[in-house]
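To start, the structure itself, in structure tokens.
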Amino acid sequence: MDNDAAGEVFTAIFMIAVIGLLWYAAWWRAKYRPPYVTDERGERQRVIKWSHGIPVYNPKTWQQRVHEETILASKRRWAILGSAPFVLGPIWLAYEAYTTGGNPWLGVAAAPLLLYGALPFGLLFFLPNVLKELLYQSGYQGMEGAKVLDRAPKAQPGRELVETQKAHGDAQLASEAEAVALLNSRK
């Protein structure tokens, strides 16, 4: 076996080991570090980071997440529509100048428009917002203003419902024997 073949075999074994290690790390993270937790109100929260085994998340209610999704989607779409003429216009003008070749002033006008119009607007506004919109449409949950895929949580019983239950006697309060047993167990 020459040195080239031995090097290729070593490289293949090394790459398989690295890919296996990365797969194991991803599996372990998915199993022991879930990306979502349920808070004390019963609402689903996206974990930003894990700190000493404790999930750190930005507590938002379901309604706040729906509101954030709607506002950010609207802003993102307006940014795409607002920057599209400044990006696609100079690109179209340059294409026309290249294909027709009849008007030399068209080519002279296209170069600075591409350099100072399409390039900054394309890199700063158009492309990032198009990519965010594609991620949003694909259902990616790791972004700010992601689609809210879970259903609205059930509303907690209000004061009126609790008072009605107490008035009708169907609140299923503990009996006297249960209350005494519970008090004796705490001694």
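FYI, nothing fancy with the structure tokens labels: chains A, B, ... in order, residues from 1 per chain, ligands from 1 as they appear.
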
**OP:** Please run DSSP on the backbone and report, as a PyMOL selection string, all residues within region 28-183 of chain A that come out as helix (DSSP H, G or I).
**Re:** chain A and resi 28-32+62-100+104-138+159-168+176-183

Subject >> Given only C-alpha atoms as the counted atoms, nearest of A:Pro112, A:Gly117, A:Pro35, A:Gly42 to Ala152 (chain A) >> reply: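 Closest candidate: A:Gly42.
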
List the spatial neighbours of region 132-135 of chain A as a compact mmCIF listing (two decimals) with C-alpha atoms, in the first residue's frame - criterion: any atom at most 12 Å away, only C-alpha atoms, same-chain residues fewer than 5 positions off excluded.
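Written output follows (result-v6.txt):
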# COMPACT_ATOMS: atom_id res chain seq x y z
CA GLU A 69 -45.30 37.13 14.15
CA LEU A 72 -42.50 41.21 11.85
CA ALA A 73 -43.98 39.43 8.80
CA SER A 74 -45.58 42.69 7.70
CA LYS A 75 -42.34 44.67 8.17
CA ARG A 76 -40.34 42.01 6.33
CA ARG A 77 -42.72 41.98 3.34
CA TRP A 78 -42.79 45.77 3.11
CA ALA A 79 -38.97 45.81 3.13
CA ILE A 80 -38.94 43.33 0.25
CA PHE A 125 -32.40 44.95 2.58
CA PHE A 126 -33.59 42.71 -0.22
CA LEU A 127 -31.62 39.45 0.18
CA TYR A 140 -38.35 27.49 10.71
CA GLN A 141 -38.83 28.07 14.44
CA GLY A 142 -35.41 29.47 15.35
CA MET A 143 -36.09 32.98 14.10
CA GLU A 144 -37.68 35.99 15.71
CA GLY A 145 -41.31 36.23 14.67
CA ALA A 146 -41.56 32.55 13.67
CA LYS A 147 -44.89 30.98 12.81

**OP:** Go through A:Asn184, A:Pro120, A:Thr61, A:Gly53 one by one, measure the shortest atom-to-atom distance of each to Glu40 (chain A) using only C-alpha atoms, and give the residue with the smallest value.
**Re:**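 So, comparing all the options, the nearest one is A:Thr61.
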
Subject >> Per-residue DSSP, chain A, filtered to strand (DSSP E or B), as a ChimeraX atom specification >> reply: /A:36-38,44-51,54-57

Write the residues of the preceding selection, restricted to C-alpha atoms, as a CSV table (one decimal), in the first residue's frame.
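To be explicit, this is the file written out as selection.csv:
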chain,number,residue,atom,x,y,z
A,36,TYR,CA,-39.0,24.1,23.7
A,37,VAL,CA,-40.3,23.9,27.3
A,38,THR,CA,-43.7,24.4,28.8
A,44,ARG,CA,-44.9,26.6,25.1
A,45,GLN,CA,-41.7,28.7,25.2
A,46,ARG,CA,-38.7,28.5,22.9
A,47,VAL,CA,-35.4,27.9,24.8
A,48,ILE,CA,-32.8,30.5,24.0
A,49,LYS,CA,-30.0,28.9,26.0
A,50,TRP,CA,-29.5,26.3,28.7
A,51,SER,CA,-27.6,27.4,31.8
A,54,ILE,CA,-32.0,25.3,33.5
A,55,PRO,CA,-33.8,26.6,30.3
A,56,VAL,CA,-33.4,30.3,29.6
A,57,TYR,CA,-36.3,31.7,27.5
